[in-house]
$ cat work-v1.pdb   # PDB, C-alpha atoms
ATOM      1  CA  MET A   1      38.989 -42.264 -22.359  1.00  0.00           C
ATOM      2  CA  PRO A   2      37.608 -38.850 -23.465  1.00  0.00           C
ATOM      3  CA  ARG A   3      34.159 -40.421 -23.790  1.00  0.00           C
ATOM      4  CA  ILE A   4      34.260 -41.637 -20.162  1.00  0.00           C
ATOM      5  CA  LEU A   5      35.383 -38.208 -18.967  1.00  0.00           C
ATOM      6  CA  PHE A   6      32.559 -36.579 -20.941  1.00  0.00           C
ATOM      7  CA  LEU A   7      29.987 -38.969 -19.433  1.00  0.00           C
ATOM      8  CA  ALA A   8      31.358 -38.360 -15.943  1.00  0.00           C
ATOM      9  CA  LEU A   9      31.031 -34.594 -16.409  1.00  0.00           C
ATOM     10  CA  CYS A  10      27.443 -34.983 -17.660  1.00  0.00           C
ATOM     11  CA  VAL A  11      26.473 -37.115 -14.658  1.00  0.00           C
ATOM     12  CA  ALA A  12      28.120 -34.652 -12.244  1.00  0.00           C
ATOM     13  CA  SER A  13      26.296 -31.716 -13.870  1.00  0.00           C
ATOM     14  CA  LEU A  14      22.944 -33.481 -13.562  1.00  0.00           C
ATOM     15  CA  ALA A  15      23.617 -34.327  -9.919  1.00  0.00           C
ATOM     16  CA  LEU A  16      24.466 -30.707  -9.115  1.00  0.00           C
ATOM     17  CA  ALA A  17      21.375 -29.444 -10.934  1.00  0.00           C
ATOM     18  CA  ALA A  18      19.153 -31.817  -8.961  1.00  0.00           C
ATOM     19  CA  CYS A  19      20.247 -30.547  -5.550  1.00  0.00           C
ATOM     20  CA  HIS A  20      20.911 -26.905  -6.386  1.00  0.00           C
ATOM     21  CA  PRO A  21      18.175 -24.289  -5.909  1.00  0.00           C
ATOM     22  CA  ASP A  22      16.527 -23.066  -9.084  1.00  0.00           C
ATOM     23  CA  ALA A  23      16.659 -19.463 -10.281  1.00  0.00           C
ATOM     24  CA  ASP A  24      14.009 -18.366  -7.776  1.00  0.00           C
ATOM     25  CA  GLY A  25      15.941 -19.858  -4.870  1.00  0.00           C
ATOM     26  CA  ALA A  26      13.506 -22.750  -4.378  1.00  0.00           C
ATOM     27  CA  PRO A  27      14.995 -26.186  -3.783  1.00  0.00           C
ATOM     28  CA  ALA A  28      14.700 -28.308  -6.914  1.00  0.00           C
ATOM     29  CA  ASP A  29      13.613 -31.311  -4.816  1.00  0.00           C
ATOM     30  CA  GLY A  30      11.008 -29.394  -2.784  1.00  0.00           C
ATOM     31  CA  VAL A  31       7.233 -29.603  -2.799  1.00  0.00           C
ATOM     32  CA  THR A  32       4.909 -26.619  -3.182  1.00  0.00           C
ATOM     33  CA  HIS A  33       2.849 -26.019  -0.033  1.00  0.00           C
ATOM     34  CA  ALA A  34      -0.107 -23.609  -0.038  1.00  0.00           C
ATOM     35  CA  THR A  35      -1.830 -21.324   2.431  1.00  0.00           C
ATOM     36  CA  ASP A  36      -4.811 -19.086   1.699  1.00  0.00           C
ATOM     37  CA  ALA A  37      -2.435 -16.149   1.096  1.00  0.00           C
ATOM     38  CA  PHE A  38       0.749 -17.589  -0.447  1.00  0.00           C
ATOM     39  CA  THR A  39       2.648 -20.666  -1.568  1.00  0.00           C
ATOM     40  CA  PHE A  40       6.169 -21.779  -0.720  1.00  0.00           C
ATOM     41  CA  VAL A  41       8.489 -24.607  -1.701  1.00  0.00           C
ATOM     42  CA  GLY A  42       9.807 -26.746   1.137  1.00  0.00           C
ATOM     43  CA  PRO A  43      10.481 -30.297   2.276  1.00  0.00           C
ATOM     44  CA  ALA A  44       7.800 -32.848   1.449  1.00  0.00           C
ATOM     45  CA  ASP A  45       7.408 -33.826   5.113  1.00  0.00           C
ATOM     46  CA  LEU A  46       6.102 -30.397   6.225  1.00  0.00           C
ATOM     47  CA  VAL A  47       2.574 -30.819   7.581  1.00  0.00           C
ATOM     48  CA  ALA A  48       0.216 -27.934   8.405  1.00  0.00           C
ATOM     49  CA  GLN A  49      -0.814 -27.846  12.058  1.00  0.00           C
ATOM     50  CA  PRO A  50      -4.175 -26.243  12.865  1.00  0.00           C
ATOM     51  CA  LEU A  51      -4.011 -22.707  14.267  1.00  0.00           C
ATOM     52  CA  ARG A  52      -6.641 -20.027  14.578  1.00  0.00           C
ATOM     53  CA  GLY A  53      -5.817 -16.346  14.443  1.00  0.00           C
ATOM     54  CA  ILE A  54      -7.945 -13.539  15.795  1.00  0.00           C
ATOM     55  CA  ASP A  55      -7.308 -10.808  13.238  1.00  0.00           C
ATOM     56  CA  SER A  56      -4.878 -12.409  10.789  1.00  0.00           C
ATOM     57  CA  LEU A  57      -4.089 -15.603   8.926  1.00  0.00           C
ATOM     58  CA  VAL A  58      -1.609 -17.593  11.021  1.00  0.00           C
ATOM     59  CA  GLY A  59      -0.020 -20.952  10.416  1.00  0.00           C
ATOM     60  CA  HIS A  60       2.394 -23.546  11.710  1.00  0.00           C
ATOM     61  CA  TRP A  61       4.007 -26.226   9.541  1.00  0.00           C
ATOM     62  CA  GLN A  62       5.994 -29.034  11.192  1.00  0.00           C
ATOM     63  CA  GLY A  63       8.593 -31.301   9.605  1.00  0.00           C
ATOM     64  CA  ALA A  64      11.356 -33.606  10.808  1.00  0.00           C
ATOM     65  CA  ALA A  65      14.114 -31.020  10.388  1.00  0.00           C
ATOM     66  CA  LEU A  66      12.281 -27.674   9.979  1.00  0.00           C
ATOM     67  CA  GLU A  67       9.300 -25.912  11.451  1.00  0.00           C
ATOM     68  CA  LEU A  68       7.672 -22.847   9.996  1.00  0.00           C
ATOM     69  CA  THR A  69       5.319 -20.292  11.559  1.00  0.00           C
ATOM     70  CA  PHE A  70       3.726 -17.289   9.908  1.00  0.00           C
ATOM     71  CA  ASP A  71       1.477 -14.324  10.607  1.00  0.00           C
ATOM     72  CA  HIS A  72      -0.190 -12.614   7.631  1.00  0.00           C
ATOM     73  CA  GLY A  73      -2.289  -9.591   8.559  1.00  0.00           C
ATOM     74  CA  PHE A  74      -2.495  -5.943   9.586  1.00  0.00           C
ATOM     75  CA  TYR A  75      -0.493  -6.262  12.815  1.00  0.00           C
ATOM     76  CA  SER A  76       2.228  -8.719  11.775  1.00  0.00           C
ATOM     77  CA  ASP A  77       5.667  -7.533  12.815  1.00  0.00           C
ATOM     78  CA  SER A  78       9.245  -8.521  12.168  1.00  0.00           C
ATOM     79  CA  SER A  79      10.482 -11.344  14.401  1.00  0.00           C
ATOM     80  CA  PHE A  80      13.999  -9.906  14.220  1.00  0.00           C
ATOM     81  CA  ALA A  81      13.096  -6.272  14.969  1.00  0.00           C
ATOM     82  CA  GLY A  82      14.469  -6.522  18.514  1.00  0.00           C
ATOM     83  CA  ARG A  83      17.658  -8.159  17.276  1.00  0.00           C
ATOM     84  CA  ARG A  84      18.801  -5.400  14.917  1.00  0.00           C
ATOM     85  CA  ASP A  85      21.472  -4.182  17.339  1.00  0.00           C
ATOM     86  CA  ARG A  86      23.083  -7.627  17.654  1.00  0.00           C
ATOM     87  CA  GLY A  87      26.395  -7.990  15.872  1.00  0.00           C
ATOM     88  CA  ASP A  88      25.590 -11.433  14.437  1.00  0.00           C
ATOM     89  CA  LEU A  89      22.436 -10.409  12.583  1.00  0.00           C
ATOM     90  CA  VAL A  90      22.792  -9.710   8.871  1.00  0.00           C
ATOM     91  CA  ILE A  91      19.630  -8.359   7.248  1.00  0.00           C
ATOM     92  CA  GLU A  92      19.230  -8.822   3.514  1.00  0.00           C
ATOM     93  CA  SER A  93      16.829  -6.579   1.599  1.00  0.00           C
ATOM     94  CA  LEU A  94      15.133  -8.272  -1.335  1.00  0.00           C
ATOM     95  CA  GLN A  95      12.119  -8.253  -3.626  1.00  0.00           C
ATOM     96  CA  LEU A  96       9.752 -11.120  -2.931  1.00  0.00           C
ATOM     97  CA  ASP A  97       7.252 -11.697  -5.705  1.00  0.00           C
ATOM     98  CA  GLY A  98       7.245  -7.943  -6.376  1.00  0.00           C
ATOM     99  CA  HIS A  99       7.141  -6.833  -2.716  1.00  0.00           C
ATOM    100  CA  ALA A 100       9.950  -5.352  -0.623  1.00  0.00           C
ATOM    101  CA  ALA A 101      11.068  -7.694   2.145  1.00  0.00           C
ATOM    102  CA  GLU A 102      13.867  -8.327   4.620  1.00  0.00           C
ATOM    103  CA  LEU A 103      15.408 -11.701   5.398  1.00  0.00           C
ATOM    104  CA  ALA A 104      17.643 -12.463   8.371  1.00  0.00           C
ATOM    105  CA  CYS A 105      19.079 -15.543  10.085  1.00  0.00           C
ATOM    106  CA  TRP A 106      20.313 -15.868  13.657  1.00  0.00           C
ATOM    107  CA  ASP A 107      21.170 -18.232  16.507  1.00  0.00           C
ATOM    108  CA  ASP A 108      18.717 -18.085  19.399  1.00  0.00           C
ATOM    109  CA  ASP A 109      20.164 -19.208  22.740  1.00  0.00           C
ATOM    110  CA  GLU A 110      16.840 -19.019  24.584  1.00  0.00           C
ATOM    111  CA  VAL A 111      14.816 -21.537  22.547  1.00  0.00           C
ATOM    112  CA  ALA A 112      13.801 -24.627  24.498  1.00  0.00           C
ATOM    113  CA  ASP A 113      12.312 -26.639  21.619  1.00  0.00           C
ATOM    114  CA  GLY A 114      15.598 -28.002  20.316  1.00  0.00           C
ATOM    115  CA  ARG A 115      15.662 -25.753  17.244  1.00  0.00           C
ATOM    116  CA  PRO A 116      17.916 -22.842  18.207  1.00  0.00           C
ATOM    117  CA  LEU A 117      18.578 -21.571  14.673  1.00  0.00           C
ATOM    118  CA  ALA A 118      16.172 -19.367  12.761  1.00  0.00           C
ATOM    119  CA  CYS A 119      15.714 -17.557   9.472  1.00  0.00           C
ATOM    120  CA  SER A 120      12.876 -15.093   9.135  1.00  0.00           C
ATOM    121  CA  LEU A 121      11.326 -12.978   6.441  1.00  0.00           C
ATOM    122  CA  TYR A 122       9.335  -9.804   6.991  1.00  0.00           C
ATOM    123  CA  ALA A 123       7.410  -8.035   4.231  1.00  0.00           C
ATOM    124  CA  PRO A 124       5.686  -4.842   5.472  1.00  0.00           C
ATOM    125  CA  SER A 125       3.253  -4.548   2.561  1.00  0.00           C
ATOM    126  CA  VAL A 126       2.152  -7.605   0.596  1.00  0.00           C
ATOM    127  CA  GLY A 127      -1.157  -6.460  -0.736  1.00  0.00           C
ATOM    128  CA  PRO A 128      -4.115  -4.163  -0.439  1.00  0.00           C
ATOM    129  CA  THR A 129      -6.630  -4.635   2.305  1.00  0.00           C
ATOM    130  CA  GLU A 130     -10.220  -5.584   1.692  1.00  0.00           C
ATOM    131  CA  SER A 131     -11.397  -3.308   4.473  1.00  0.00           C
ATOM    132  CA  GLU A 132     -11.827   0.420   4.737  1.00  0.00           C
ATOM    133  CA  LEU A 133      -8.879   0.706   7.135  1.00  0.00           C
ATOM    134  CA  PRO A 134      -5.873   2.470   5.607  1.00  0.00           C
ATOM    135  CA  MET A 135      -3.506  -0.370   6.536  1.00  0.00           C
ATOM    136  CA  ASP A 136      -1.304  -2.718   4.563  1.00  0.00           C
ATOM    137  CA  VAL A 137      -1.322  -6.476   4.935  1.00  0.00           C
ATOM    138  CA  ARG A 138       2.065  -7.683   6.227  1.00  0.00           C
ATOM    139  CA  LEU A 139       3.788 -11.053   6.319  1.00  0.00           C
ATOM    140  CA  GLN A 140       6.135 -12.370   8.975  1.00  0.00           C
ATOM    141  CA  ILE A 141       7.360 -15.945   8.524  1.00  0.00           C
ATOM    142  CA  THR A 142      10.035 -17.788  10.532  1.00  0.00           C
ATOM    143  CA  VAL A 143      11.731 -21.106   9.849  1.00  0.00           C
ATOM    144  CA  ARG A 144      13.404 -22.838  12.850  1.00  0.00           C
ATOM    145  CA  PHE A 145      15.899 -25.688  12.675  1.00  0.00           C
ATOM    146  CA  ALA A 146      18.699 -27.333  14.687  1.00  0.00           C
ATOM    147  CA  ASP A 147      21.287 -28.247  12.046  1.00  0.00           C
ATOM    148  CA  PRO A 148      23.380 -25.296  10.773  1.00  0.00           C
ATOM    149  CA  ALA A 149      23.662 -27.075   7.407  1.00  0.00           C
ATOM    150  CA  LEU A 150      19.924 -26.347   6.890  1.00  0.00           C
ATOM    151  CA  ARG A 151      20.406 -22.564   6.811  1.00  0.00           C
ATOM    152  CA  PRO A 152      20.608 -22.445   2.967  1.00  0.00           C
ATOM    153  CA  ALA A 153      17.446 -24.583   2.723  1.00  0.00           C
ATOM    154  CA  ALA A 154      15.612 -22.269   5.142  1.00  0.00           C
ATOM    155  CA  ARG A 155      16.664 -19.208   3.137  1.00  0.00           C
ATOM    156  CA  ALA A 156      15.624 -20.890  -0.130  1.00  0.00           C
ATOM    157  CA  LEU A 157      12.222 -21.753   1.359  1.00  0.00           C
ATOM    158  CA  LEU A 158      11.646 -18.120   2.352  1.00  0.00           C
ATOM    159  CA  ARG A 159      12.746 -16.857  -1.073  1.00  0.00           C
ATOM    160  CA  SER A 160      10.327 -19.247  -2.787  1.00  0.00           C
ATOM    161  CA  ILE A 161       7.200 -17.504  -1.396  1.00  0.00           C
ATOM    162  CA  ARG A 162       4.675 -16.453  -4.050  1.00  0.00           C
ATOM    163  CA  PHE A 163       1.517 -14.542  -3.192  1.00  0.00           C
ATOM    164  CA  ARG A 164      -1.907 -15.632  -4.382  1.00  0.00           C
TER     165      ARG A 164
END

$ encode --input "work-v1.pdb" --output "structure tokens"
Amino acid sequence: MPRILFLALCVASLALAACHPDADGAPADGVTHATDAFTFVGPADLVAQPLRGIDSLVGHWQGAALELTFDHGFYSDSSFAGRRDRGDLVIESLQLDGHAAELACWDDDEVADGRPLACSLYAPSVGPTESELPMDVRLQITVRFADPALRPAARALLRSIRFR
């Protein structure tokens, strides 16, 4: 009997480790996706959709349950800046691959695309510029989804960002 209990505990531990985020917050079952500026770990079904920015690197990734958009450049701004006075917005300050960042999640009643929930990350300085302008490169990235159970996965995706 003790042997069966021991085996059951080992199997349960392995199952929890397989679905639990790793130390960096990235899902253990995720796939690394890459842009020209950074990588992130997310669902395998995320597919990059073509976008063209004018003065920054922009992107849109679409999956069955999540969609991700980002703006990486001089003029990128926080997608939750106008929501700071709302009572339901909790902003978490964190270090993202050595850069200060803020992460927030919220419910958006005015979204018509069927994905009214969002988590967003804003990093005001993610690297030096290659121009002579005295400006920092910024990153704003938002993950949208419909199922509230995906909020931890969206947060883990944002925490998994690593700059190139």

$ resolve_selection --input "work-v1.pdb" --expression "the PyMOL selection byres ((chain A and resi 139) around 8)" --output "list in words"
Phe70, Asp71, His72, Gly73, Ser76, Asp77, Leu121, Tyr122, Ala123, Pro124, Ser125, Val126, Val137, Arg138, Gln140 and Ile141 of chain A

$ resolve_selection --input "work-v1.pdb" --expression "the PyMOL selection byres ((chain A and resi 145-148) around 8)" --output "list of chain:residue names"
A:Ala65, A:Leu66, A:Glu67, A:Gly114, A:Arg115, A:Pro116, A:Leu117, A:Ala118, A:Val143, A:Arg144, A:Ala149, A:Leu150, A:Arg151

$ closest_residue --input "work-v1.pdb" --among "A:His33, A:Tyr75, A:Phe163, A:Thr39" --to "Gly53 in chain A" --atoms "all atoms listed in the file"
A:Tyr75

$ resolve_selection --input "work-v1.pdb" --expression "the PyMOL selection byres ((chain A and resi 94) around 12)" --output "JSON, numbers by chain"
{"A": [91, 92, 93, 95, 96, 97, 98, 99, 100, 101, 102, 103, 104, 121, 122, 123, 155, 158, 159]}

$ atom_distance --input "work-v1.pdb" --atom1 "CA of Ala156 in chain A" --atom2 "CA of Asp88 in chain A"
20.0 Å

$ closest_residue --input "work-v1.pdb" --among "A:Asp45, A:Asp85, A:Asp136, A:Asp113" --to "Asp29 in chain A" --atoms "only C-alpha atoms"
A:Asp45

$ residues_near_point --input "work-v1.pdb" --point "(0.7, -26.6, -1.8)" --cutoff "12 Å" --atoms "all atoms listed in the file" --output "JSON, numbers by chain"
{"A": [30, 31, 32, 33, 34, 35, 36, 37, 38, 39, 40, 41, 42, 43, 44, 46, 47, 48, 61, 161, 162, 164]}

$ write_last_selection --input "work-v1.pdb" --atoms "C-alpha atoms" --output "short mmCIF file (atom, residue, chain, number, x, y, z; two decimals), keeping the file's coordinate frame"
data_model
loop_
_atom_site.label_atom_id
_atom_site.label_comp_id
_atom_site.auth_asym_id
_atom_site.auth_seq_id
_atom_site.Cartn_x
_atom_site.Cartn_y
_atom_site.Cartn_z
CA GLY A 30 11.01 -29.39 -2.78
CA VAL A 31 7.23 -29.60 -2.80
CA THR A 32 4.91 -26.62 -3.18
CA HIS A 33 2.85 -26.02 -0.03
CA ALA A 34 -0.11 -23.61 -0.04
CA THR A 35 -1.83 -21.32 2.43
CA ASP A 36 -4.81 -19.09 1.70
CA ALA A 37 -2.44 -16.15 1.10
CA PHE A 38 0.75 -17.59 -0.45
CA THR A 39 2.65 -20.67 -1.57
CA PHE A 40 6.17 -21.78 -0.72
CA VAL A 41 8.49 -24.61 -1.70
CA GLY A 42 9.81 -26.75 1.14
CA PRO A 43 10.48 -30.30 2.28
CA ALA A 44 7.80 -32.85 1.45
CA LEU A 46 6.10 -30.40 6.22
CA VAL A 47 2.57 -30.82 7.58
CA ALA A 48 0.22 -27.93 8.40
CA TRP A 61 4.01 -26.23 9.54
CA ILE A 161 7.20 -17.50 -1.40
CA ARG A 162 4.68 -16.45 -4.05
CA ARG A 164 -1.91 -15.63 -4.38
#

$ closest_residue --input "work-v1.pdb" --among "A:Gln49, A:Ser120, A:Met135, A:Ser160" --to "Ala81 in chain A" --atoms "all atoms listed in the file"
A:Ser120

$ atom_distance --input "work-v1.pdb" --atom1 "CA of Asp108 in chain A" --atom2 "CA of Arg86 in chain A"
11.5 Å
